[in-house]
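Engineer: Input structure: structure_23.txt, which contains compact mmCIF, C-alpha atoms.
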```txt
# COMPACT_ATOMS: atom_id res chain seq x y z
CA MET A 55 73.73 -11.84 -90.09
CA ILE A 56 77.25 -12.57 -91.22
CA LYS A 57 77.33 -16.07 -92.60
CA LYS A 58 80.31 -18.30 -91.92
CA PRO A 59 82.36 -19.11 -95.01
CA ALA A 60 82.61 -22.66 -96.22
CA GLN A 61 86.33 -22.89 -95.61
CA GLY A 62 88.76 -21.05 -93.41
CA MET A 63 87.91 -18.18 -91.12
CA THR A 64 85.78 -15.04 -91.44
CA LEU A 65 86.39 -12.11 -93.75
CA ILE A 66 88.16 -9.92 -91.20
CA VAL A 67 90.78 -12.57 -90.47
CA LYS A 68 91.39 -13.17 -94.17
CA THR A 69 91.88 -9.47 -94.92
CA ILE A 70 94.36 -8.96 -92.10
CA THR A 71 96.22 -12.15 -92.96
CA ARG A 72 97.07 -10.83 -96.39
CA TYR A 73 99.07 -8.00 -94.81
CA THR A 74 100.61 -9.66 -91.78
CA VAL A 75 101.94 -12.79 -93.46
CA VAL A 76 104.42 -10.81 -95.53
CA LEU A 77 105.65 -8.91 -92.46
CA ILE A 78 106.14 -12.07 -90.43
CA LEU A 79 108.08 -13.70 -93.26
CA MET A 80 110.30 -10.63 -93.65
CA PHE A 81 111.01 -10.53 -89.94
CA GLY A 82 111.92 -14.21 -89.98
CA MET A 83 114.37 -13.70 -92.85
CA TYR A 84 115.93 -10.70 -91.07
CA PHE A 85 116.32 -12.77 -87.93
CA ILE A 86 118.11 -15.53 -89.81
CA MET A 87 120.41 -13.29 -91.85
CA ASN A 88 121.59 -11.28 -88.83
CA GLY A 89 122.36 -14.31 -86.70
CA HIS A 90 126.00 -13.44 -86.37
CA LEU A 91 125.77 -9.67 -85.86
CA VAL A 92 122.93 -8.88 -83.49
CA HIS A 93 120.54 -11.10 -81.54
CA GLY A 94 119.50 -13.77 -83.95
CA GLY A 95 119.84 -17.41 -84.66
CA CYS A 96 118.83 -20.25 -86.88
CA PHE A 97 116.29 -21.99 -84.65
CA ALA A 98 114.13 -19.03 -83.73
CA GLY A 99 114.25 -17.67 -87.29
CA GLY A 100 113.29 -21.02 -88.78
CA ILE A 101 110.31 -21.38 -86.45
CA ILE A 102 109.15 -17.81 -87.25
CA VAL A 103 109.18 -18.62 -90.99
CA ALA A 104 107.25 -21.84 -90.30
CA LEU A 105 104.70 -19.85 -88.27
CA SER A 106 104.02 -17.57 -91.22
CA ILE A 107 103.17 -20.56 -93.43
CA ILE A 108 100.98 -22.00 -90.67
CA HIS A 109 99.22 -18.63 -90.50
CA ILE A 110 98.18 -18.95 -94.15
CA MET A 111 96.94 -22.47 -93.66
CA LEU A 112 94.86 -21.61 -90.63
CA ALA A 113 93.22 -18.51 -92.08
CA PHE A 114 92.43 -19.62 -95.62
CA GLY A 115 91.62 -23.28 -95.21
CA LYS A 116 93.43 -26.26 -96.54
CA ASP A 117 92.53 -26.32 -100.24
CA VAL A 118 93.52 -22.77 -101.06
CA ALA A 119 96.84 -23.00 -99.23
CA PHE A 120 97.81 -26.25 -100.91
CA LYS A 121 97.70 -24.84 -104.40
CA ARG A 122 100.88 -22.83 -103.80
CA ILE A 123 102.74 -24.73 -101.10
CA THR A 124 102.71 -28.31 -102.26
CA GLU A 125 103.69 -31.25 -100.13
CA ARG A 126 106.53 -32.18 -102.48
CA ALA A 127 108.18 -28.79 -102.01
CA ILE A 128 108.20 -29.13 -98.22
CA LYS A 129 109.68 -32.61 -98.34
CA LEU A 130 112.35 -31.39 -100.77
CA CYS A 131 113.31 -28.52 -98.47
CA ILE A 132 113.79 -30.77 -95.44
CA GLY A 133 116.32 -32.92 -97.24
CA LEU A 134 117.98 -30.00 -98.98
CA GLY A 135 118.75 -28.16 -95.76
CA ALA A 136 120.29 -31.15 -94.02
CA PHE A 137 122.26 -32.11 -97.13
CA SER A 138 123.75 -28.65 -97.59
CA PHE A 139 124.92 -28.61 -93.97
CA LEU A 140 126.69 -31.91 -94.56
CA LEU A 141 128.19 -30.53 -97.79
CA LEU A 142 129.67 -27.59 -95.88
CA GLY A 143 131.22 -30.05 -93.48
CA ILE A 144 132.78 -32.13 -96.22
CA ILE A 145 134.23 -29.09 -97.95
CA GLY A 146 135.80 -28.18 -94.63
CA PHE A 147 137.09 -31.75 -94.36
CA THR A 148 139.18 -31.32 -97.49
CA LYS A 149 140.74 -28.15 -96.10
CA GLY A 150 141.64 -29.15 -92.59
CA ALA A 151 139.00 -30.62 -90.31
CA PHE A 152 135.36 -31.66 -90.56
CA LEU A 153 133.12 -28.57 -90.28
CA TYR A 154 136.19 -26.32 -90.32
CA ASN A 155 135.70 -22.63 -91.06
CA PHE A 156 137.59 -22.70 -94.34
CA PHE A 157 137.47 -18.96 -94.94
CA ARG A 158 139.94 -18.49 -92.12
CA LYS A 159 143.45 -17.47 -93.17
CA PRO A 160 146.12 -18.50 -90.66
CA GLY A 161 147.58 -15.57 -88.78
CA VAL A 162 144.86 -13.04 -89.60
CA ASP A 163 142.37 -11.95 -86.93
CA TYR A 164 138.72 -11.13 -87.61
CA ILE A 165 137.66 -13.27 -90.60
CA GLY A 166 136.38 -10.66 -93.05
CA GLN A 167 135.34 -7.22 -91.93
CA PRO A 168 133.77 -7.31 -88.45
CA PHE A 169 130.21 -5.93 -88.12
CA SER A 170 129.43 -6.32 -91.82
CA LEU A 171 126.89 -8.72 -93.27
CA PHE A 172 129.26 -10.86 -95.35
CA SER A 173 131.83 -11.65 -92.71
CA SER A 174 132.78 -14.50 -90.38
CA GLY A 175 133.27 -17.31 -92.84
CA ILE A 176 130.71 -20.06 -93.26
CA MET A 177 128.49 -18.99 -90.39
CA PRO A 178 125.79 -17.27 -92.50
CA LEU A 179 125.70 -20.32 -94.79
CA MET A 180 125.27 -22.66 -91.84
CA ASN A 181 122.48 -20.41 -90.53
CA LEU A 182 120.63 -20.66 -93.84
CA ALA A 183 120.97 -24.44 -94.03
CA ILE A 184 119.79 -25.09 -90.48
CA SER A 185 116.86 -22.69 -90.68
CA LEU A 186 115.70 -24.26 -93.98
CA THR A 187 115.56 -27.67 -92.31
CA VAL A 188 113.89 -26.39 -89.15
CA ALA A 189 111.24 -24.32 -90.97
CA SER A 190 110.15 -27.00 -93.41
CA GLY A 191 110.38 -29.74 -90.76
CA PHE A 192 108.02 -28.04 -88.35
CA CYS A 193 105.69 -27.10 -91.19
CA ALA A 194 105.52 -30.76 -92.19
CA ILE A 195 104.76 -31.76 -88.59
CA PHE A 196 101.90 -29.26 -88.50
CA LEU A 197 100.53 -30.67 -91.75
CA ALA A 198 100.64 -34.24 -90.54
CA LEU A 199 99.02 -33.54 -87.18
CA ILE A 200 96.33 -31.02 -87.97
CA VAL A 201 95.53 -30.82 -91.63
CA TYR A 202 95.50 -34.38 -92.81
CA LYS A 203 92.70 -36.84 -92.23
CA PRO A 204 93.63 -39.69 -89.88
CA GLY A 205 94.37 -43.07 -91.35
CA GLY A 206 95.97 -42.02 -94.60
CA GLY A 207 93.06 -40.35 -96.32
CA ASP A 208 90.16 -41.57 -98.39
CA LYS A 209 90.66 -44.89 -100.09
CA ASN A 210 88.13 -44.23 -102.86
CA THR A 211 89.14 -40.81 -104.07
CA GLY A 212 92.69 -40.59 -102.72
CA ARG A 213 92.19 -37.21 -101.05
CA LYS A 214 94.39 -36.61 -98.09
CA LEU A 215 92.89 -33.37 -96.71
CA MET B 172 119.12 -18.53 -53.01
CA THR B 173 115.36 -18.41 -53.02
CA GLU B 174 115.41 -18.37 -56.82
CA TYR B 175 116.99 -21.83 -56.90
CA PHE B 176 114.50 -23.09 -54.33
CA LEU B 177 111.47 -21.81 -56.27
CA CYS B 178 112.85 -23.39 -59.43
CA LEU B 179 113.06 -26.76 -57.67
CA VAL B 180 109.47 -26.33 -56.41
CA LEU B 181 108.39 -25.92 -60.04
CA PHE B 182 110.28 -29.12 -60.88
CA CYS B 183 108.46 -30.99 -58.10
CA LEU B 184 105.10 -29.76 -59.36
CA GLY B 185 105.81 -31.23 -62.77
CA LEU B 186 106.91 -34.51 -61.23
CA TYR B 187 103.72 -34.68 -59.16
CA ALA B 188 101.62 -34.25 -62.31
CA ILE B 189 103.41 -37.10 -64.07
CA LEU B 190 103.05 -39.50 -61.13
CA ILE B 191 99.53 -38.90 -59.87
CA LYS B 192 97.31 -37.64 -62.69
CA ARG B 193 95.62 -40.16 -64.92
CA ASN B 194 94.62 -38.05 -67.89
CA LEU B 195 97.13 -38.28 -70.73
CA ILE B 196 97.06 -34.55 -71.45
CA LYS B 197 97.87 -33.77 -67.81
CA ILE B 198 100.92 -36.03 -68.05
CA ILE B 199 102.13 -34.15 -71.12
CA ILE B 200 101.58 -30.83 -69.31
CA GLY B 201 103.61 -32.14 -66.35
CA LEU B 202 106.51 -33.07 -68.62
CA ALA B 203 106.48 -29.59 -70.16
CA ILE B 204 106.60 -27.98 -66.70
CA MET B 205 109.60 -30.13 -65.73
CA GLU B 206 111.38 -29.05 -68.90
CA TYR B 207 110.84 -25.36 -68.15
CA ALA B 208 112.20 -25.82 -64.64
CA VAL B 209 115.39 -27.54 -65.85
CA ASN B 210 116.10 -24.86 -68.48
CA LEU B 211 115.52 -22.13 -65.92
CA PHE B 212 117.90 -23.74 -63.44
CA PHE B 213 120.75 -23.72 -65.93
CA ILE B 214 120.28 -20.08 -66.84
CA LEU B 215 120.06 -19.13 -63.16
CA ILE B 216 123.48 -20.66 -62.61
CA GLY B 217 125.05 -18.62 -65.39
CA TYR B 218 123.86 -15.19 -64.28
CA LYS B 219 126.28 -12.53 -63.11
CA ASN B 220 125.27 -9.60 -60.92
CA SER B 221 124.84 -6.46 -63.07
CA GLY B 222 126.10 -8.28 -66.12
CA THR B 223 125.23 -7.57 -69.74
CA VAL B 224 124.36 -9.52 -72.87
CA PRO B 225 127.37 -11.36 -74.41
CA ILE B 226 127.30 -9.37 -77.65
CA PHE B 227 129.98 -6.91 -78.70
CA SER B 228 128.75 -3.63 -80.12
CA SER B 229 132.13 -2.18 -81.04
CA LEU B 230 135.66 -3.44 -81.10
CA LYS B 231 136.32 -2.92 -77.41
CA GLU B 232 132.99 -2.32 -75.71
CA PRO B 233 131.56 -3.90 -73.61
CA ARG B 234 134.44 -5.37 -71.66
CA PRO B 235 134.38 -9.17 -71.44
CA GLU B 236 134.63 -9.08 -67.64
CA ILE B 237 131.04 -7.97 -67.11
CA MET B 238 129.28 -10.34 -69.50
CA VAL B 239 127.09 -13.22 -68.40
CA ASP B 240 127.92 -16.83 -69.19
CA PRO B 241 127.49 -17.64 -72.92
CA VAL B 242 128.25 -21.37 -72.86
CA VAL B 243 125.15 -22.15 -70.79
CA GLN B 244 122.93 -20.21 -73.19
CA THR B 245 124.25 -22.27 -76.09
CA ILE B 246 123.35 -25.54 -74.40
CA ILE B 247 119.85 -24.44 -73.44
CA LEU B 248 119.16 -23.09 -76.94
CA THR B 249 119.35 -26.59 -78.35
CA ASN B 250 117.49 -28.01 -75.36
CA VAL B 251 114.40 -25.90 -76.02
CA VAL B 252 114.06 -27.18 -79.59
CA ILE B 253 114.51 -30.77 -78.40
CA GLY B 254 111.71 -30.21 -75.90
CA LEU B 255 109.44 -28.94 -78.66
CA ALA B 256 110.10 -32.05 -80.76
CA ILE B 257 109.33 -34.30 -77.76
CA THR B 258 106.04 -32.50 -77.15
CA PHE B 259 105.04 -32.99 -80.79
CA VAL B 260 105.67 -36.73 -80.73
CA LEU B 261 103.83 -37.15 -77.41
CA VAL B 262 100.78 -35.27 -78.67
CA LEU B 263 100.76 -37.41 -81.79
CA ILE B 264 100.75 -40.61 -79.71
CA ALA B 265 97.98 -39.20 -77.48
CA MET B 266 95.82 -38.37 -80.51
CA ARG B 267 96.26 -41.85 -81.95
CA ILE B 268 95.31 -43.41 -78.60
CA TYR B 269 92.17 -41.28 -78.54
CA GLU B 270 91.21 -42.43 -82.02
CA LYS B 271 91.45 -46.06 -81.00
CA TYR B 272 90.03 -46.11 -77.46
CA GLY B 273 87.80 -43.03 -77.37
CA THR B 274 89.20 -41.72 -74.09
CA TYR B 275 92.33 -40.16 -72.60
CA ASP B 276 92.10 -42.16 -69.37
CA ILE B 277 95.18 -44.32 -68.90
CA ARG B 278 93.41 -46.99 -66.87
CA LYS B 279 91.29 -47.93 -69.87
CA VAL B 280 94.20 -48.19 -72.31
CA ASN B 281 95.01 -51.78 -71.54
CA ARG B 282 94.41 -53.99 -74.53
CA LEU B 283 97.56 -55.90 -75.37
CA LYS B 284 96.77 -57.09 -78.86
CA GLY B 285 94.62 -55.89 -81.69
CA MET C 274 116.43 -10.12 -57.60
CA ILE C 275 112.94 -9.28 -56.54
CA GLN C 276 111.49 -9.24 -60.06
CA ILE C 277 112.62 -12.80 -60.76
CA GLN C 278 111.17 -14.03 -57.48
CA VAL C 279 107.78 -12.43 -58.16
CA LEU C 280 107.66 -13.92 -61.65
CA LEU C 281 108.65 -17.35 -60.31
CA VAL C 282 105.78 -17.23 -57.80
CA PHE C 283 103.43 -16.33 -60.66
CA MET C 284 104.73 -19.30 -62.66
CA ILE C 285 104.24 -21.68 -59.72
CA ILE C 286 100.64 -20.52 -59.22
CA ALA C 287 99.88 -20.90 -62.95
CA ALA C 288 101.45 -24.38 -63.00
CA ALA C 289 99.37 -25.43 -59.99
CA ILE C 290 96.23 -24.23 -61.77
CA ALA C 291 97.27 -26.09 -64.92
CA ILE C 292 97.55 -29.46 -63.21
CA GLY C 293 94.68 -29.03 -60.77
CA THR C 294 91.78 -27.85 -62.89
CA SER C 295 89.33 -30.31 -64.37
CA ASP C 296 88.75 -28.42 -67.61
CA LEU C 297 91.35 -29.44 -70.19
CA LEU C 298 91.16 -26.24 -72.25
CA GLY C 299 91.84 -24.15 -69.14
CA ALA C 300 94.84 -26.32 -68.35
CA VAL C 301 96.31 -25.70 -71.80
CA VAL C 302 95.85 -21.93 -71.43
CA SER C 303 97.57 -22.00 -68.03
CA ILE C 304 100.58 -23.85 -69.41
CA GLY C 305 100.79 -21.08 -72.00
CA ALA C 306 100.98 -18.56 -69.16
CA VAL C 307 103.85 -20.50 -67.56
CA GLY C 308 105.80 -20.50 -70.81
CA LEU C 309 105.32 -16.79 -71.46
CA GLY C 310 106.35 -15.94 -67.91
CA LEU C 311 109.48 -18.00 -68.48
CA ALA C 312 110.26 -15.90 -71.57
CA ILE C 313 110.15 -12.73 -69.45
CA VAL C 314 112.43 -14.33 -66.84
CA PHE C 315 114.93 -15.22 -69.57
CA LEU C 316 114.90 -11.58 -70.68
CA LEU C 317 115.60 -10.40 -67.13
CA LEU C 318 118.53 -12.82 -66.93
CA GLN C 319 120.21 -11.08 -69.90
CA SER C 320 119.70 -13.73 -72.60
CA PRO C 321 117.46 -12.29 -75.35
CA ASP C 322 118.11 -15.06 -77.92
CA LEU C 323 116.58 -17.54 -75.54
CA ALA C 324 113.65 -15.25 -74.74
CA ILE C 325 112.59 -14.99 -78.38
CA LEU C 326 113.04 -18.72 -78.91
CA GLN C 327 110.98 -19.61 -75.82
CA LEU C 328 108.19 -17.26 -76.91
CA VAL C 329 107.94 -18.75 -80.38
CA VAL C 330 108.21 -22.35 -79.16
CA GLU C 331 105.45 -21.74 -76.62
CA ILE C 332 103.10 -20.42 -79.31
CA LEU C 333 103.72 -23.43 -81.53
CA SER C 334 103.16 -25.97 -78.77
CA LEU C 335 99.98 -24.17 -77.72
CA VAL C 336 98.56 -24.58 -81.25
CA ILE C 337 99.30 -28.30 -81.23
CA LEU C 338 97.93 -28.86 -77.71
CA ILE C 339 94.69 -27.03 -78.49
CA ARG C 340 94.23 -29.28 -81.47
CA ALA C 341 94.61 -32.33 -79.21
CA VAL C 342 92.20 -30.99 -76.61
CA GLY C 343 89.79 -28.40 -77.90
CA ILE C 344 87.96 -30.13 -80.67
CA LYS C 345 87.13 -33.21 -78.68
CA ASP C 346 85.84 -31.31 -75.63
CA THR C 347 86.63 -33.85 -72.96
CA VAL C 348 86.19 -33.14 -69.26
CA ASN C 349 88.36 -34.67 -66.58
CA VAL C 350 86.59 -36.68 -63.87
CA ARG C 351 88.10 -36.24 -60.43
CA GLU C 352 88.56 -39.08 -57.98
CA ARG C 353 90.36 -39.09 -54.61
CA ARG C 354 93.43 -41.21 -54.14
CA PHE C 355 94.67 -40.50 -50.68
CA ILE C 356 97.52 -42.92 -50.05
CA ALA C 357 99.42 -42.37 -53.29
CA THR C 358 99.08 -38.59 -53.07
CA SER C 359 100.31 -38.40 -49.48
CA ILE C 360 103.28 -40.69 -50.11
CA SER C 361 104.39 -38.63 -53.11
CA VAL C 362 103.97 -35.33 -51.21
CA ILE C 363 106.08 -36.65 -48.33
CA LEU C 364 108.80 -37.83 -50.71
CA MET C 365 108.85 -34.51 -52.51
CA GLY C 366 109.12 -32.66 -49.24
CA LEU C 367 112.12 -34.82 -48.37
CA PHE C 368 113.66 -34.04 -51.74
CA LEU C 369 113.19 -30.31 -51.20
CA VAL C 370 114.80 -30.45 -47.76
CA PHE C 371 117.90 -32.18 -49.07
CA ALA C 372 118.00 -29.97 -52.14
CA SER C 373 118.02 -26.81 -50.05
CA LEU C 374 120.96 -28.22 -48.10
CA ALA C 375 122.74 -28.82 -51.42
CA ILE C 376 121.92 -25.34 -52.71
CA LEU C 377 124.05 -23.86 -49.92
CA GLU C 378 127.13 -25.56 -51.42
CA ILE C 379 127.01 -24.24 -54.98
CA PRO C 380 128.23 -20.67 -55.66
CA LYS C 381 125.80 -17.94 -54.69
CA PHE C 382 123.32 -16.54 -57.16
CA GLY C 383 125.13 -13.89 -59.19
CA ASN C 384 128.73 -15.05 -58.80
CA PRO C 385 129.31 -17.84 -61.29
CA ALA C 386 132.67 -19.56 -61.57
CA MET C 387 133.23 -18.84 -65.26
CA LYS C 388 136.46 -20.67 -65.94
CA LEU C 389 135.72 -21.95 -69.44
CA SER C 390 133.50 -19.09 -70.53
CA PHE C 391 136.15 -16.49 -69.83
CA LEU C 392 138.44 -18.06 -72.44
CA TYR C 393 135.63 -17.90 -74.99
CA LEU C 394 134.82 -14.30 -74.12
CA LYS C 395 138.40 -13.12 -74.27
CA ASP C 396 139.47 -14.63 -77.61
CA GLY C 397 136.18 -15.38 -79.35
CA PHE C 398 135.65 -12.09 -81.09
CA ARG C 399 139.23 -11.84 -82.22
CA GLN C 400 139.50 -15.33 -83.66
CA THR C 401 136.17 -15.60 -85.44
CA GLY C 402 135.15 -12.02 -86.16
CA VAL C 403 131.58 -12.62 -84.91
CA PRO C 404 130.20 -10.09 -82.41
CA ASN C 405 127.47 -12.45 -81.16
CA ILE C 406 129.42 -14.76 -78.85
CA VAL C 407 126.52 -17.20 -78.41
CA SER C 408 126.32 -17.77 -82.19
CA ALA C 409 130.11 -18.02 -82.40
CA ILE C 410 130.23 -20.77 -79.77
CA MET C 411 127.24 -22.56 -81.29
CA LEU C 412 128.41 -22.59 -84.91
CA ASP C 413 132.18 -22.39 -84.78
CA TYR C 414 133.60 -23.86 -81.58
CA ARG C 415 130.90 -26.51 -81.08
CA SER C 416 129.46 -27.19 -84.49
CA PHE C 417 129.19 -30.95 -83.84
CA ASP C 418 126.32 -30.15 -81.51
CA MET C 419 124.56 -28.50 -84.44
CA LEU C 420 125.04 -31.64 -86.51
CA ALA C 421 123.33 -33.68 -83.80
CA GLN C 422 120.62 -31.05 -83.49
CA ILE C 423 119.79 -31.28 -87.19
CA VAL C 424 119.55 -35.06 -86.82
CA ILE C 425 117.04 -34.61 -84.00
CA ALA C 426 114.85 -32.12 -85.90
CA PHE C 427 114.96 -34.24 -89.06
CA THR C 428 114.07 -37.45 -87.20
CA ALA C 429 111.19 -35.81 -85.36
CA ALA C 430 109.72 -34.40 -88.59
CA ILE C 431 109.96 -37.66 -90.50
CA GLY C 432 108.76 -39.74 -87.57
CA VAL C 433 105.64 -37.66 -87.06
CA VAL C 434 104.79 -37.66 -90.78
CA VAL C 435 105.14 -41.43 -91.03
CA ILE C 436 103.22 -42.36 -87.87
CA ALA C 437 100.33 -39.98 -88.50
CA ARG C 438 99.45 -41.57 -91.81
CA LYS C 439 99.13 -45.21 -90.96
CA LYS C 440 95.74 -46.75 -90.61
CA ILE C 441 94.73 -47.92 -87.15
CA TYR C 442 94.13 -51.58 -86.80
CA VAL C 443 90.59 -51.91 -85.46
CA ASN C 444 90.03 -55.47 -84.34
CA LYS C 445 86.33 -56.07 -84.77
CA ASP C 446 85.80 -59.74 -85.57
CA LYS C 447 88.58 -61.61 -83.76
CA LYS C 448 88.17 -62.41 -80.07
```
Can you give me the file's structure in the form of structure tokens?
Structural biologist:
Amino acid sequence: MIKKPAQGMTLIVKTITRYTVVLILMFGMYFIMNGHLVHGGCFAGGIIVALSIIHIMLAFGKDVAFKRITERAIKLCIGLGAFSFLLLGIIGFTKGAFLYNFFRKPGVDYIGQPFSLFSSGIMPLMNLAISLTVASGFCAIFLALIVYKPGGGDKNTGRKL
Amino acid sequence: MTEYFLCLVLFCLGLYAILIKRNLIKIIIGLAIMEYAVNLFFILIGYKNSGTVPIFSSLKEPRPEIMVDPVVQTIILTNVVIGLAITFVLVLIAMRIYEKYGTYDIRKVNRLKG
Amino acid sequence: MIQIQVLLVFMIIAAAIAIGTSDLLGAVVSIGAVGLGLAIVFLLLQSPDLAILQLVVEILSLVILIRAVGIKDTVNVRERRFIATSISVILMGLFLVFASLAILEIPKFGNPAMKLSFLYLKDGFRQTGVPNIVSAIMLDYRSFDMLAQIVIAFTAAIGVVVIARKKIYVNKDKK
């Protein structure tokens, strides 16, 4: 009675996906930003953000998801995250040691105000850099294993999906 | 002490799957079980009786004498992500072998060239 | 603790089902049960960062394993190999005997010898201003480990993307 759609999953899954993807993405961002205050961290937060993108790809099919999230953007984000972590290290190198926490003033305890969001030096910046690399890296792995056709795609038309 | 012993039994189960089974997916499953057992063993070593999470909620509470070991948790946090990356690469190799030979059986994957 | 022992017995039974069954999809579901049980054990051992990470990692690896198994619908064929199985079971029994003798030497469960960790716990909050001591150790005291970790994640991502795109060499005409 209910016919299967040509691409993606049924109508119920698509309707629910529109609401839950935003919530999963927001929870992932909260987990990354609060890595230094409460339970949090860069790795788990990055994988949660990657799971939200995978959710879109699984529910709506490949063609619809690829209009917004292009392959070039994901490859750019992988390199950008790793490069910004290295940049933080080199800025610390000019102020003392490689990967040094250069917001620290000598002789003062508690870098910044403890228990506030913008405290503790370069740790939130490192969290953002690592989670950008982890999220886009695992999303690219999912693309290469599951979405793409094996062997590099069609030789005649050049389609990779 | 029985917790350590059960953890080593789990490790032996994973090792048995890698040695004896001849389906490629069972070998990957055995490697994953060994990884879980090793991570669990480290965290079991760092546990303190009636200890709490190593997170401060105010300037003095909780006291650092009753917290569990935080160094071990840091090491295992990176280990879990490494295990995930290893599983991805192994599954990729298994899928490519299936595309070429048509089976997951390791006795039939024996062509040296071509 | 009795809860950890019960959960460990559950994990051992699920792992035995995962490697013994002949249906590959059932094996993948059982390995998911082992991973989720491990997340609960991490929570009981007072490490919630690890529990959330193990949960999410287990879900992601389940998706990839089902892709490798489910679409192709292969069934495992069982065959008896008596000599190899009995030799390996005897060797593992020997390993467990010696391991239980070695377990009696390390400190008892629940009384760790925290010599290094106590220095981190005493001064960590005051020197860095970070309430989460696990994040403080990971990103401030040992940030070289994070550099190596980014290298690993980066290499895995690029390696998978490159290998999955190459065409397989199918040798049809040469002999």
Engineer: With 10 Å as the limit and counting all atoms listed in the file, what residues in chain B lie close to chain A? Please list them as a VMD selection string.
Structural biologist: chain B and resid 224 to 230 248 to 249 251 to 252 255 to 256 259 to 260 262 to 263 266 to 267 270
Engineer: Would you mind reading off the distance between atom CA of C:Leu280 and atom CA of B:Tyr207, one decimal, in Å?
Structural biologist: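 Result for atom CA of C:Leu280 versus atom CA of B:Tyr207: 13.5 Å, one decimal.
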Engineer: Pull out every residue of chain C sitting within 6 Å of chain A, counting all atoms listed in the file, and send them as a list in words.
Structural biologist: Asp322, Leu326, Arg399, Gln400, Thr401, Gly402, Val403, Pro404, Asn405, Ala430, Val434, Arg438, Lys439 and Lys440 of chain C
Engineer: I'd like to know which of B:Tyr272, B:Asn220, B:Leu283, B:Val209 is closest to chain C, using all atoms listed in the file.
Structural biologist: B:Asn220
Engineer: So how far away is atom CA of B:Cys178 from atom CA of B:Val242, in Å?
Structural biologist: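 If I compute the distance from atom CA of B:Val242 to atom CA of B:Cys178, I get 20.5 Å.
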Engineer: Quick one: everything within 10 Å of stretch 194-205 of chain B, counting all atoms listed in the file, minus sequence neighbours fewer than 3 positions away in the same chain. Send it as a PyMOL selection string.
Structural biologist: (chain B and resi 178-179+181-191+208-211+254-255+257-258+261-262+264-266+268-269+274-278) or (chain C and resi 284-285+288+291-295+297+300-301+303-304+307-308+334+338+341-342+348-350)
Engineer: Quick one: residues within 12 Å of B:Val243, only C-alpha atoms, excluding same-chain residues fewer than 2 positions away - as number ranges by chain?
Structural biologist: B: 210-218, 225, 239-241, 245-250; C: 320, 323, 385, 387, 389-390, 406-407, 410-411
Engineer: Measuring atom to atom with all atoms listed in the file, identify which of C:Leu328, C:Leu392, C:Leu281, C:Leu309 is nearest to chain B.
Structural biologist: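 Using all atoms listed in the file, the shortest distance to chain B belongs to C:Leu281.
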Engineer: What does the distance between atom CA of C:Asp296 and atom CA of B:Lys192 come to in Å, to one decimal place?
Structural biologist: 13.5 Å
Engineer: Could you check the closest approach to chain B for each of C:Pro321, C:Gly383, C:Gly432, C:Gly397 and tell me which residue wins, using all atoms listed in the file?
Structural biologist: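 Ranking C:Pro321, C:Gly383, C:Gly432, C:Gly397 by distance to chain B, first place goes to C:Gly383.
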